[in-house]
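Before any comments, here is the structure.
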Amino acid sequence: MTSQSKTGCFRQFADQMRPVIEAHLDRYSRFGRGCPDRLQAAIRHGLLAPGKRLRPLLVLSAASICGSSPARALPAACAVEMVHAYSLVHDDLPAMDDDDLRRGQPTCHNAFDEATAILAGDALLTRAFEILAHDVKPSELAQRCCLELAQAAGACQLVGGQSDDLAAEQRAGDLATLERIHERKTGAMLVASLRLGAFFGAARDEQLSHLSTYGNRLGLAFQIVDDLLDQTGDPQQTGKRSGQDTQRGKLTFPSLLGVDASRRRARQLVEEAVSVLSSLPGDASILISLAHYVVERNH
Ligand code: IPE
Ligand code: IPE
Ligand code: MG
Ligand code: MG
Ligand code: MG
């Protein structure tokens with residue numbers, strides 16, 4: 001099968017759902033009286049710039065595979081994207097990766113200023129939980145989503161992984177350390193996206209566990225490819241500067257294993273992710289196709 005046909009099913013789903021997700025993100029990022037215009041503009045700059053929307057698409061795919069209509073899960077899909085967008089705005093700050101290009105546009109602190117970018121990130125993170133608490137019904141489901149997302153975004157997962165990523169700069173590190181960083185800074189949010197979606201379909205524990213394993217392998221593969229794109233990608237396509245990881249002395253897959261072995265590892269992880277899906281009762285074709293897209297992507 002060609003890579004185009006392997007990824008076609010996901011691409012079709014993404015083309016159909018992305019405009020719906022983006023219309024909701026647009027609505028959710030209009031704040032009422034009290035929010036300064038410049039702050040709202042910075043929030044929308046970070047959020048509405050052309051991202052792949054992979055995490056909200058994972059929420060909607062998991063909802064669908066577990067028997068819920070994807071539309072019911074849209075607030076959760078937007079909440080996850082808001083946390084992700086905040087993490088990017090802060091990741092790019094001078095105190096972190098110090099990047100000037102994101103999603104093909106100046107990073108938030110470059111387009112505005114550093115304080116505004118920090119505050120825009122704070123507002124995006126907070127808004128995510130407001131959306132879950134307000135728009136997910138019934139309230140027990142809202143609470144479950146809040147807990148799952150808070151844990152994935154918190155000190156032991158995303159934030160902890162980011163902290164260790166910075167601590168590992170310019171230092172020798174091993175594969176186990178690197179995988180633990182990637183699993184937390186990137187993988188945890190992919191796992192949470194799938195689990196949130198599955199909650200809408202009232203998935204059983206076994207289904208949740210299979211989706212979590214799929215998300216874990218997918219997350220690791222996704223970050224390996226992100227590391228590869230930093231070395232081999234075209235900024236016109238990635239919308240990010242290339243070579244930043246090398247310049248900052250980041251611990252990455254290609255720096256440890258080289259390009260070819262990293263690509264092989266990503267492909268192997270995707271095969272592992274896909275094989276877990278055969279145990280799920282629903283139609284997993286979108287998630288299978290999405291996994292192939294993750295390793296074949298050029299942005
Ligand atoms: C970038 O995420 C940050 C990582 C976790 C590697 P994406 O590659 O999903 O970025 P967008 O959302 O499409 O801009
Ligand atoms: C960031 O990883 C992961 C996040 C939690 C945002 P990177 O620092 O490699 O992401 P990019 O390459 O800047 O998008
Ligand atoms: Mg980073
Ligand atoms: Mg970065
Ligand atoms: Mg990167």
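Residue names in the structure tokens use chain letters A, B, ... in the order shown, residue numbers from 1 in each chain, and ligand numbers from 1 in the order shown.
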At a cut-off of 12 Å and counting only C-alpha atoms and all ligand atoms, what residues surround ligand 5? Please answer as a PyMOL selection string. chain A and resi 88+91-92+97-99+101-102+162+165+182+185-186+222-233+238-246+248+250-254+299
Helix (DSSP H, G or I) per DSSP on the backbone: members of stretch 130-241 of chain A, as a ChimeraX atom specification: /A:130-135,139-153,158-167,175-200,205-232,235-238
Within 12 Å of A:Cys146, counting only C-alpha atoms, which residues qualify if same-chain residues fewer than 2 places away don't, as a VMD selection string? chain A and resid 75 to 76 79 to 80 83 125 to 136 139 to 144 148 to 154 192 to 193 195 to 196 199
Taking 6 positions as the minimum chain separation for residues in the same chain, which residues sit within 9 Å of A:Leu220 when counting only C-alpha atoms? Answer as an MDAnalysis selection string. chainID A and resid 179 182:183 186:187 266 269
Using only C-alpha atoms, the residue out of A:Arg27, A:Arg217, A:Arg184, A:Arg265 with shortest distance to A:Cys78 is A:Arg27
